[in-house]
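Trainee: Just one file: upload16.pdb, with PDB, C-alpha atoms and all ligand atoms.
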ATOM      1  CA  MET T  29      -6.799  -3.565   2.426
ATOM      2  CA  SER T  30      -8.641  -5.544   5.121
ATOM      3  CA  THR T  31      -6.671  -6.824   8.114
ATOM      4  CA  ASP T  32      -7.182 -10.456   7.057
ATOM      5  CA  ARG T  33      -6.097  -9.755   3.503
ATOM      6  CA  ARG T  34      -3.042  -7.852   4.682
ATOM      7  CA  ARG T  35      -2.091 -10.759   6.931
ATOM      8  CA  GLN T  36      -2.504 -13.255   4.077
ATOM      9  CA  VAL T  37      -0.300 -11.200   1.753
ATOM     10  CA  TYR T  38       2.326 -10.769   4.476
ATOM     11  CA  ASP T  39       2.362 -14.473   5.472
ATOM     12  CA  ARG T  40       2.647 -15.575   1.872
ATOM     13  CA  ALA T  41       5.511 -13.155   1.197
ATOM     14  CA  ILE T  42       7.413 -14.384   4.275
ATOM     15  CA  ARG T  43       7.016 -18.062   3.306
ATOM     16  CA  LYS T  44       7.986 -17.460  -0.301
ATOM     17  CA  GLU T  45      10.987 -15.192   0.235
ATOM     18  CA  PHE T  46      12.459 -17.011   3.238
ATOM     19  CA  SER T  47      12.209 -20.381   1.504
ATOM     20  CA  PHE T  48      13.592 -18.982  -1.760
ATOM     21  CA  LEU T  49      16.674 -17.509  -0.078
ATOM     22  CA  LYS T  50      17.300 -20.584   2.090
ATOM     23  CA  SER T  51      17.094 -22.909  -0.920
ATOM     24  CA  THR T  52      20.138 -21.261  -2.527
ATOM     25  CA  ASP T  53      22.656 -23.985  -3.321
ATOM     26  CA  SER T  54      25.308 -22.379  -5.541
ATOM     27  CA  ILE T  55      27.795 -19.598  -4.908
ATOM     28  CA  ALA T  56      26.734 -17.754  -8.068
ATOM     29  CA  HIS T  57      23.149 -17.552  -6.857
ATOM     30  CA  LEU T  58      24.265 -16.776  -3.330
ATOM     31  CA  HIS T  59      25.974 -13.582  -4.439
ATOM     32  CA  ALA T  60      22.881 -12.575  -6.383
ATOM     33  CA  HIS T  61      20.684 -13.240  -3.322
ATOM     34  CA  SER T  62      22.815 -11.223  -0.900
ATOM     35  CA  ILE T  63      21.898  -7.774   0.394
ATOM     36  CA  VAL T  64      24.403  -4.947   0.191
ATOM     37  CA  ILE T  65      25.197  -3.242   3.510
ATOM     38  CA  ALA T  66      25.349   0.551   3.189
ATOM     39  CA  ASP T  67      27.406   1.524   0.129
ATOM     40  CA  GLY T  68      29.350  -1.701  -0.066
ATOM     41  CA  ASP T  69      30.596  -1.829   3.534
ATOM     42  CA  GLY T  70      29.680  -5.493   3.419
ATOM     43  CA  LEU T  71      27.029  -8.044   2.543
ATOM     44  CA  LEU T  72      24.158  -9.842   4.258
ATOM     45  CA  VAL T  73      24.490 -13.378   2.934
ATOM     46  CA  PRO T  74      21.517 -15.689   3.590
ATOM     47  CA  LEU T  75      22.356 -18.878   5.489
ATOM     48  CA  CYS T  76      21.184 -21.481   3.000
ATOM     49  CA  GLU T  77      21.510 -25.021   1.620
ATOM     50  CA  LEU T  78      24.992 -24.213   0.353
ATOM     51  CA  HIS T  79      26.135 -23.793   3.972
ATOM     52  CA  ALA T  80      24.561 -26.995   5.301
ATOM     53  CA  ASP T  81      27.720 -28.981   4.446
ATOM     54  CA  ASP T  82      30.266 -26.168   4.893
ATOM     55  CA  ALA T  83      32.276 -27.697   7.748
ATOM     56  CA  GLU T  84      34.515 -24.656   8.229
ATOM     57  CA  LEU T  85      31.600 -22.259   8.517
ATOM     58  CA  ILE T  86      29.726 -24.593  10.887
ATOM     59  CA  ALA T  87      32.794 -24.756  13.128
ATOM     60  CA  THR T  88      32.959 -20.936  13.088
ATOM     61  CA  LEU T  89      29.261 -20.603  13.971
ATOM     62  CA  SER T  90      29.800 -23.076  16.770
ATOM     63  CA  GLU T  91      32.708 -21.041  18.130
ATOM     64  CA  TRP T  92      30.695 -17.805  17.994
ATOM     65  CA  ARG T  93      27.788 -19.444  19.829
ATOM     66  CA  ARG T  94      30.112 -20.727  22.534
ATOM     67  CA  GLU T  95      31.834 -17.359  23.001
ATOM     68  CA  ASN T  96      28.544 -15.444  23.177
ATOM     69  CA  SER T  97      26.408 -17.935  25.091
ATOM     70  CA  ARG T  98      25.674 -15.392  27.836
ATOM     71  CA  ALA T  99      23.550 -13.418  25.387
ATOM     72  CA  PHE T 100      21.170 -16.339  24.786
ATOM     73  CA  PRO T 101      18.262 -17.550  26.912
ATOM     74  CA  THR T 102      19.351 -21.185  26.662
ATOM     75  CA  GLN T 103      22.734 -22.428  27.893
ATOM     76  CA  PHE T 104      24.175 -25.785  26.819
ATOM     77  CA  PRO T 105      27.526 -27.305  25.856
ATOM     78  CA  VAL T 106      28.055 -26.114  22.280
ATOM     79  CA  THR T 107      29.382 -28.714  19.823
ATOM     80  CA  VAL T 108      30.058 -28.622  16.090
ATOM     81  CA  GLU T 109      27.677 -31.526  15.552
ATOM     82  CA  GLY T 110      24.971 -29.734  17.523
ATOM     83  CA  THR T 111      25.498 -26.594  15.444
ATOM     84  CA  ARG T 112      25.205 -28.635  12.240
ATOM     85  CA  ARG T 113      21.867 -30.043  13.454
ATOM     86  CA  TRP T 114      20.721 -26.570  14.542
ATOM     87  CA  LEU T 115      21.522 -25.142  11.116
ATOM     88  CA  ARG T 116      19.539 -27.888   9.379
ATOM     89  CA  ALA T 117      16.569 -28.274  11.727
ATOM     90  CA  GLY T 118      16.560 -25.006  13.661
ATOM     91  CA  VAL T 119      17.244 -22.538  10.852
ATOM     92  CA  LEU T 120      16.830 -24.002   7.356
ATOM     93  CA  GLY T 121      13.918 -26.175   8.493
ATOM     94  CA  VAL T 122      11.932 -23.384  10.198
ATOM     95  CA  GLU T 123       9.739 -21.616   7.683
ATOM     96  CA  ASP T 124       9.552 -18.283   9.473
ATOM     97  CA  ARG T 125      13.221 -17.980  10.395
ATOM     98  CA  LEU T 126      15.963 -16.559   8.191
ATOM     99  CA  LEU T 127      19.527 -15.801   9.252
ATOM    100  CA  PHE T 128      22.147 -13.842   7.386
ATOM    101  CA  LEU T 129      25.893 -13.949   7.700
ATOM    102  CA  VAL T 130      27.283 -10.461   8.085
ATOM    103  CA  CYS T 131      30.281 -10.339   5.747
ATOM    104  CA  ASP T 132      32.821  -7.527   5.698
ATOM    105  CA  ARG T 133      33.770  -5.621   2.578
ATOM    106  CA  HIS T 134      36.172  -8.426   1.616
ATOM    107  CA  GLY T 135      33.413 -11.020   1.926
ATOM    108  CA  ARG T 136      34.657 -12.559   5.199
ATOM    109  CA  PRO T 137      32.012 -13.586   7.750
ATOM    110  CA  VAL T 138      32.169 -11.328  10.799
ATOM    111  CA  GLY T 139      28.900 -12.241  12.529
ATOM    112  CA  HIS T 140      25.258 -12.976  11.921
ATOM    113  CA  LEU T 141      21.737 -11.685  12.475
ATOM    114  CA  GLY T 142      18.311 -12.358  11.068
ATOM    115  CA  PHE T 143      14.596 -12.697  11.523
ATOM    116  CA  ALA T 144      12.595 -15.261  13.519
ATOM    117  CA  ASN T 145       8.973 -15.939  14.486
ATOM    118  CA  ALA T 146       7.849 -13.966  11.466
ATOM    119  CA  LEU T 147       4.571 -15.920  11.259
ATOM    120  CA  ALA T 148       3.917 -16.158  14.996
ATOM    121  CA  GLY T 149       2.222 -12.807  15.454
ATOM    122  CA  ASP T 150       0.139 -10.515  13.339
ATOM    123  CA  CYS T 151       2.582  -9.237  10.685
ATOM    124  CA  GLN T 152       5.309  -8.957  13.330
ATOM    125  CA  ILE T 153       8.939  -9.945  12.936
ATOM    126  CA  GLU T 154      11.496 -10.604  15.632
ATOM    127  CA  ILE T 155      15.155  -9.744  15.184
ATOM    128  CA  ASP T 156      17.136 -12.884  15.869
ATOM    129  CA  ASN T 157      20.632 -14.048  16.728
ATOM    130  CA  VAL T 158      22.574 -10.790  16.561
ATOM    131  CA  VAL T 159      26.197 -11.734  17.156
ATOM    132  CA  ARG T 160      29.512 -10.228  16.194
ATOM    133  CA  GLY T 161      31.878 -13.203  16.015
ATOM    134  CA  ASP T 162      34.976 -11.303  14.967
ATOM    135  CA  LYS T 163      35.264  -8.535  17.547
ATOM    136  CA  GLU T 164      37.995  -6.652  15.671
ATOM    137  CA  ALA T 165      36.879  -6.484  12.050
ATOM    138  CA  GLN T 166      35.388  -3.291  10.639
ATOM    139  CA  PRO T 167      33.959  -1.255  13.544
ATOM    140  CA  ALA T 168      30.306  -0.252  13.161
ATOM    141  CA  LEU T 169      29.621  -3.042  10.659
ATOM    142  CA  MET T 170      27.001  -4.684  12.898
ATOM    143  CA  SER T 171      25.065  -1.409  13.199
ATOM    144  CA  ALA T 172      25.124  -0.980   9.429
ATOM    145  CA  ALA T 173      24.118  -4.639   9.002
ATOM    146  CA  MET T 174      21.155  -4.159  11.337
ATOM    147  CA  GLN T 175      20.020  -1.072   9.425
ATOM    148  CA  ALA T 176      20.278  -2.989   6.141
ATOM    149  CA  LEU T 177      18.316  -5.920   7.589
ATOM    150  CA  VAL T 178      15.502  -3.744   8.940
ATOM    151  CA  ALA T 179      15.286  -1.690   5.729
ATOM    152  CA  TRP T 180      15.099  -4.883   3.664
ATOM    153  CA  GLY T 181      12.477  -6.424   5.949
ATOM    154  CA  GLU T 182      10.323  -3.294   5.833
ATOM    155  CA  GLU T 183      10.543  -2.989   2.079
ATOM    156  CA  MET T 184       9.908  -6.682   1.348
ATOM    157  CA  PHE T 185       7.154  -7.468   3.824
ATOM    158  CA  GLY T 186       5.726  -4.200   5.177
ATOM    159  CA  PRO T 187       5.408  -5.682   8.696
ATOM    160  CA  ARG T 188       3.367  -3.912  11.346
ATOM    161  CA  GLU T 189       6.296  -4.180  13.699
ATOM    162  CA  ILE T 190       9.881  -5.358  13.921
ATOM    163  CA  HIS T 191      10.927  -6.038  17.501
ATOM    164  CA  LEU T 192      13.704  -7.677  19.441
ATOM    165  CA  ARG T 193      14.423  -9.122  22.852
ATOM    166  CA  VAL T 194      17.550  -8.635  24.865
ATOM    167  CA  PHE T 195      18.594  -9.282  28.459
ATOM    168  CA  GLU T 196      18.342  -6.041  30.334
ATOM    169  CA  ASP T 197      21.791  -6.561  31.875
ATOM    170  CA  ASN T 198      23.401  -6.933  28.425
ATOM    171  CA  GLU T 199      24.354  -3.274  28.502
ATOM    172  CA  HIS T 200      26.477  -3.267  25.385
ATOM    173  CA  ALA T 201      23.680  -4.804  23.309
ATOM    174  CA  VAL T 202      21.048  -2.494  24.838
ATOM    175  CA  THR T 203      23.164   0.550  23.922
ATOM    176  CA  PHE T 204      23.735  -0.901  20.465
ATOM    177  CA  TYR T 205      19.973  -1.243  19.830
ATOM    178  CA  GLU T 206      19.064   2.091  21.372
ATOM    179  CA  ARG T 207      21.557   3.827  19.120
ATOM    180  CA  LEU T 208      19.731   2.216  16.220
ATOM    181  CA  GLY T 209      16.424   3.691  17.385
ATOM    182  CA  PHE T 210      14.853   0.629  19.020
ATOM    183  CA  ASP T 211      12.827   0.978  22.186
ATOM    184  CA  VAL T 212      14.391  -1.994  23.834
ATOM    185  CA  ALA T 213      12.369  -4.564  25.789
ATOM    186  CA  ALA T 214      14.251  -7.091  27.906
ATOM    187  CA  THR T 215      12.945 -10.560  28.605
ATOM    188  CA  HIS T 216      13.347 -14.079  30.002
ATOM    189  CA  PRO T 217      14.855 -15.414  33.172
ATOM    190  CA  LEU T 218      18.323 -16.838  32.727
ATOM    191  CA  ASP T 219      18.450 -20.633  32.917
ATOM    192  CA  GLY T 220      18.448 -21.706  36.526
ATOM    193  CA  SER T 221      16.618 -18.614  37.711
ATOM    194  CA  ALA T 222      13.124 -19.303  39.045
ATOM    195  CA  LYS T 223      11.420 -16.001  38.302
ATOM    196  CA  PRO T 224      11.393 -13.944  35.149
ATOM    197  CA  VAL T 225      12.861 -10.470  35.472
ATOM    198  CA  TRP T 226      10.680  -9.326  32.643
ATOM    199  CA  ALA T 227       7.664 -10.404  30.670
ATOM    200  CA  TRP T 228       6.148  -9.083  27.493
ATOM    201  CA  LEU T 229       2.443  -9.676  27.143
ATOM    202  CA  ARG T 230       1.127  -9.241  23.678
ATOM    203  CA  SER T 231      -2.340  -9.240  22.240
ATOM    204  CA  ASN T 232      -2.550  -8.178  18.628
ATOM    205  CA  ASP T 233      -1.684  -4.488  18.692
ATOM    206  CA  ALA T 234      -1.442  -4.252  22.482
ATOM    207  CA  HIS T 235       1.917  -4.657  24.155
ATOM    208  CA  VAL T 236       2.253  -4.749  27.912
ATOM    209  CA  MET T 237       5.639  -5.061  29.532
ATOM    210  CA  LEU T 238       5.989  -6.072  33.153
ATOM    211  CA  ALA T 239       9.185  -5.914  35.155
ATOM    212  CA  ARG T 240       9.775  -7.663  38.457
ATOM    213  CA  ALA T 241       9.310  -5.131  41.246
ATOM    214  CA  SER T 242      12.484  -4.222  43.083
ATOM    215  CA  ASP T 243      10.503  -3.451  46.267
ATOM    216  CA  PRO T 244       7.381  -4.981  47.816
ATOM    217  CA  VAL T 245       4.154  -4.048  46.083
ATOM    218  CA  VAL T 246       2.131  -1.634  48.259
ATOM    219  CA  PRO T 247      -1.117  -0.753  46.483
ATOM    220  CA  ASP T 248      -1.824   2.460  48.394
ATOM    221  CA  GLN T 249       1.619   3.819  47.540
ATOM    222  CA  GLN T 250       1.432   3.469  43.823
ATOM    223  CA  GLY T 251       3.268   6.212  41.991
ATOM    224  CA  VAL T 252       2.394   5.202  38.466
ATOM    225  CA  LEU T 253      -0.692   4.942  36.334
ATOM    226  CA  PHE T 254      -1.042   2.402  33.561
ATOM    227  CA  TYR T 255      -2.897   3.211  30.389
ATOM    228  CA  LEU T 256      -4.146   0.646  27.929
ATOM    229  CA  TYR T 257      -5.283   2.007  24.596
ATOM    230  CA  VAL T 258      -8.019   0.240  22.671
ATOM    231  CA  PRO T 259      -9.994   1.211  19.568
ATOM    232  CA  ASP T 260     -13.421   0.372  21.066
ATOM    233  CA  VAL T 261     -13.623   1.456  24.716
ATOM    234  CA  ALA T 262     -17.268   0.446  25.277
ATOM    235  CA  GLY T 263     -16.789  -2.951  23.618
ATOM    236  CA  PHE T 264     -13.633  -3.606  25.599
ATOM    237  CA  ARG T 265     -15.346  -2.624  28.862
ATOM    238  CA  GLN T 266     -18.167  -5.034  28.109
ATOM    239  CA  ARG T 267     -15.636  -7.857  27.581
ATOM    240  CA  VAL T 268     -13.948  -6.986  30.872
ATOM    241  CA  VAL T 269     -17.294  -7.001  32.727
ATOM    242  CA  ASP T 270     -18.347 -10.248  30.996
ATOM    243  CA  ALA T 271     -15.102 -11.779  32.241
ATOM    244  CA  GLY T 272     -16.174 -10.965  35.807
ATOM    245  CA  ILE T 273     -13.701  -8.112  36.360
ATOM    246  CA  ALA T 274     -14.879  -4.949  38.104
ATOM    247  CA  ALA T 275     -14.729  -1.958  35.797
ATOM    248  CA  GLY T 276     -15.566   1.678  36.437
ATOM    249  CA  GLU T 277     -18.089   3.617  34.371
ATOM    250  CA  ILE T 278     -16.824   5.194  31.156
ATOM    251  CA  GLN T 279     -15.836   8.825  31.760
ATOM    252  CA  TYR T 280     -15.268  11.488  29.134
ATOM    253  CA  PRO T 281     -12.663  13.969  30.478
ATOM    254  CA  PHE T 282     -11.415  16.778  28.230
ATOM    255  CA  TYR T 283      -8.233  14.867  27.345
ATOM    256  CA  CYS T 284     -10.126  11.743  26.360
ATOM    257  CA  ARG T 285     -13.243  12.735  24.449
ATOM    258  CA  ARG T 286     -13.923   9.204  23.320
ATOM    259  CA  GLY T 287     -13.886   7.737  26.780
ATOM    260  CA  GLU T 288     -11.859   5.953  29.411
ATOM    261  CA  PHE T 289     -12.574   3.696  32.391
ATOM    262  CA  GLU T 290     -10.732   2.180  35.336
ATOM    263  CA  VAL T 291      -9.954  -1.428  36.122
ATOM    264  CA  THR T 292      -8.059  -2.658  39.167
ATOM    265  CA  ASP T 293      -5.613  -5.526  38.807
ATOM    266  CA  PRO T 294      -5.057  -8.287  41.416
ATOM    267  CA  ASP T 295      -2.256  -6.280  43.103
ATOM    268  CA  GLY T 296      -4.571  -3.315  43.516
ATOM    269  CA  TYR T 297      -3.035  -1.264  40.746
ATOM    270  CA  VAL T 298      -5.388   0.890  38.758
ATOM    271  CA  ALA T 299      -5.156   0.637  35.009
ATOM    272  CA  MET T 300      -6.980   3.092  32.786
ATOM    273  CA  VAL T 301      -8.403   1.871  29.513
ATOM    274  CA  ALA T 302      -8.707   4.669  26.991
ATOM    275  CA  HIS T 303      -9.360   5.232  23.323
ATOM    276  CA  THR T 304      -6.344   4.968  20.989
TER     277      THR T 304
HETATM  278  C1  LIG P 401      25.499  -6.707  20.073
HETATM  279  C2  LIG P 401      26.701  -6.724  19.158
HETATM  280  C3  LIG P 401      26.346  -7.503  17.901
HETATM  281  C4  LIG P 401      27.051  -5.290  18.797
HETATM  282  O1  LIG P 401      28.220  -5.322  18.003
HETATM  283  P1  LIG P 401      29.194  -4.080  17.908
HETATM  284  O2  LIG P 401      30.481  -4.582  17.409
HETATM  285  O3  LIG P 401      29.200  -3.316  19.179
HETATM  286  O4  LIG P 401      28.452  -3.184  16.839
HETATM  287  P2  LIG P 401      29.086  -2.383  15.662
HETATM  288  O5  LIG P 401      29.730  -3.279  14.674
HETATM  289  O6  LIG P 401      27.997  -1.525  15.139
HETATM  290  O7  LIG P 401      30.201  -1.528  16.333
HETATM  291  C5  LIG P 401      29.830  -0.521  17.237
HETATM  292  C6  LIG P 401      31.088   0.157  17.654
HETATM  293  O8  LIG P 401      31.566   0.855  16.542
HETATM  294  C7  LIG P 401      31.656   2.228  16.892
HETATM  295  N1  LIG P 401      31.307   2.998  15.730
HETATM  296  C8  LIG P 401      30.078   3.360  15.340
HETATM  297  N2  LIG P 401      30.173   4.073  14.200
HETATM  298  C9  LIG P 401      31.492   4.122  13.895
HETATM  299  C10 LIG P 401      32.221   4.682  12.845
HETATM  300  N3  LIG P 401      31.614   5.329  11.851
HETATM  301  N4  LIG P 401      33.563   4.517  12.837
HETATM  302  C11 LIG P 401      34.190   3.864  13.811
HETATM  303  N5  LIG P 401      33.534   3.309  14.847
HETATM  304  C12 LIG P 401      32.205   3.442  14.868
HETATM  305  C13 LIG P 401      30.660   2.419  17.973
HETATM  306  O9  LIG P 401      30.964   3.546  18.767
HETATM  307  C14 LIG P 401      30.835   1.164  18.743
HETATM  308  O10 LIG P 401      31.984   1.240  19.546
HETATM  309  P3  LIG P 401      31.873   0.960  21.135
HETATM  310  O11 LIG P 401      31.364  -0.446  21.275
HETATM  311  O12 LIG P 401      33.273   1.133  21.621
HETATM  312  O13 LIG P 401      30.893   1.948  21.641
HETATM  313  C15 LIG P 401      27.950  -7.364  19.842
HETATM  314  O14 LIG P 401      28.256  -6.648  21.003
HETATM  315  C16 LIG P 401      27.773  -8.832  20.206
HETATM  316  O15 LIG P 401      27.936  -9.715  19.376
HETATM  317  N6  LIG P 401      27.457  -9.080  21.483
HETATM  318  C17 LIG P 401      27.321 -10.458  21.963
HETATM  319  C18 LIG P 401      26.055 -11.083  21.478
HETATM  320  C19 LIG P 401      24.869 -10.270  21.906
HETATM  321  O16 LIG P 401      24.789  -9.804  23.031
HETATM  322  N7  LIG P 401      23.919 -10.125  20.990
HETATM  323  C20 LIG P 401      22.700  -9.451  21.257
HETATM  324  C21 LIG P 401      21.731 -10.444  21.721
HETATM  325  S1  LIG P 401      20.132  -9.774  21.804
END
When written as structure tokens, how does the structure in this file appear?

Mentor:
Amino acid sequence: MSTDRRRQVYDRAIRKEFSFLKSTDSIAHLHAHSIVIADGDGLLVPLCELHADDAELIATLSEWRRENSRAFPTQFPVTVEGTRRWLRAGVLGVEDRLLFLVCDRHGRPVGHLGFANALAGDCQIEIDNVVRGDKEAQPALMSAAMQALVAWGEEMFGPREIHLRVFEDNEHAVTFYERLGFDVAATHPLDGSAKPVWAWLRSNDAHVMLARASDPVVPDQQGVLFYLYVPDVAGFRQRVVDAGIAAGEIQYPFYCRRGEFEVTDPDGYVAMVAHT
């Protein structure tokens, strides 16, 4: 299937399935639309129209947001009314976002997680809003919920990538994701901080992650080499040269039969561009 066609099929599936699940407005349908976690350890219940006027649940979501605010990039006074608006406009009203309540084996909500920005990239989905609200209930349920979510997402949409963002100092969450097999990438400055501690640059299939240097940058003491992998080395070099950036000639060492070349970034670091 061509890349464009694959993208069309993926985008359509996201729009259709997310909107279908979020439109659920009866408890009977809600049970049918839920995803079983492991062998009945619990359920992933889509946050949907039925919840938009569920005052008790909205108060619970509000409480969880307040208690876990340190895990989020934005900080603000959390109110029940604000959470109600967020649920309507920020979740149900956003076509490429879908959250699930994580319910324990008795059906009680324990936390939530979901997908966001599913149409923002090229068949890429971001894991969103992973929070355990009830810290005591059913140990390991959040891990099982995450596995169920990722398995469902892969089966339904066949994305090229499922990724997540987490503050690098959120050690518990980082360990949680690593145990689940994610290569974790941290991101964002906290509110009030001027500089980002981390940035993720993304261009289609290329992902470049930059961390703020802990020491001054000294070009002639670099101890690392950066490699960028591209499918068309000559074409990429031409684009680099056309953009006015100095690029070395393409070399063909034994470990890179299809070519590589050097570019030097504004800090003096050498990056090698090689064939994928
Ligand atoms: C991230 C977060 C959702 C992880 O939740 P969690 O409760 O640690 O995850 P689980 O439900 O999978 O429970 C894991 C615990 O169960 C334990 N466990 C795993 N398998 C188990 C099993 N079969 N039996 C008993 N315990 C088990 C794990 O060892 C772990 O215990 P530990 O924390 O003492 O190491 C939670 O810490 C949270 O809500 N944090 C605040 C919000 C946040 O930071 N979110 C991430 C933003 S990106």

Trainee: Dig up all the protein and nucleic acid residues within 7 Å of (30.7, -3.6, 4.4) in the file frame, using only C-alpha atoms, and format them as a list in words.

Mentor: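 Checking each residue against the 7 Å limit leaves Ile65, Ala66, Gly68, Asp69, Gly70, Leu71, Cys131, Asp132, Arg133 and Leu169 of chain T.
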
Trainee: Report the closest atom pair, with its distance in Å rounded to one decimal, for each residue of chain T that has an atom no farther than 7 Å from ligand LIG 401 (chain P); count all atoms listed in the file, sort by chain and then rising residue number, and write it as a Markdown table.

Mentor:
| residue | atom | partner | partner_atom | distance |
| --- | --- | --- | --- | --- |
| T:Asn96 | CA | P:LIG401 | C17 | 5.3 |
| T:Ala99 | CA | P:LIG401 | O16 | 4.5 |
| T:Phe100 | CA | P:LIG401 | C21 | 6.7 |
| T:Asn157 | CA | P:LIG401 | C21 | 6.3 |
| T:Val158 | CA | P:LIG401 | N7 | 4.7 |
| T:Val159 | CA | P:LIG401 | O15 | 3.5 |
| T:Arg160 | CA | P:LIG401 | O15 | 3.6 |
| T:Gly161 | CA | P:LIG401 | O15 | 6.2 |
| T:Lys163 | CA | P:LIG401 | O2 | 6.2 |
| T:Gln166 | CA | P:LIG401 | O5 | 6.9 |
| T:Pro167 | CA | P:LIG401 | O8 | 4.4 |
| T:Ala168 | CA | P:LIG401 | O6 | 3.3 |
| T:Leu169 | CA | P:LIG401 | O5 | 4.0 |
| T:Met170 | CA | P:LIG401 | O5 | 3.5 |
| T:Ser171 | CA | P:LIG401 | O6 | 3.5 |
| T:Ala172 | CA | P:LIG401 | O6 | 6.4 |
| T:Arg193 | CA | P:LIG401 | S1 | 5.8 |
| T:Val194 | CA | P:LIG401 | S1 | 4.2 |
| T:Phe195 | CA | P:LIG401 | S1 | 6.8 |
| T:Asn198 | CA | P:LIG401 | O16 | 6.3 |
| T:His200 | CA | P:LIG401 | O14 | 5.8 |
| T:Ala201 | CA | P:LIG401 | C1 | 4.2 |
| T:Phe204 | CA | P:LIG401 | C4 | 5.7 |

Trainee: Just give me the gap between atom CA of T:Glu183 and atom CA of T:Leu147 in Å, one decimal is fine.

Mentor: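 About the pair atom CA of T:Glu183 and atom CA of T:Leu147: they are 16.9 Å apart.
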
Trainee: If the PyMOL selection byres (((chain T and resi 62) around 9) and not hetatm) is run on the structure shown, which residues does it catch, given as a ChimeraX atom specification?

Mentor: /T:49,57-61,63-64,71-74,128

Trainee: Quick one, how far is atom CA of T:Asp156 from atom CA of T:Ala87?

Mentor: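 Atom-to-atom, atom CA of T:Asp156 to atom CA of T:Ala87, that is 19.8 Å.
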
Trainee: Which residues come within 8 Å of T:Leu126, counting only C-alpha atoms, excluding same-chain residues fewer than 6 positions away, as a list in words?

Mentor: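 Here the qualifying residues turn out to be Phe46, Lys50, Pro74, Leu75, Val119, Leu120, Gly142, Phe143 and Ala144 of chain T.
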
Trainee: What does the distance from atom CA of T:Thr102 to atom CA of T:Val202 come to in Å, to one decimal?

Mentor: 18.9 Å
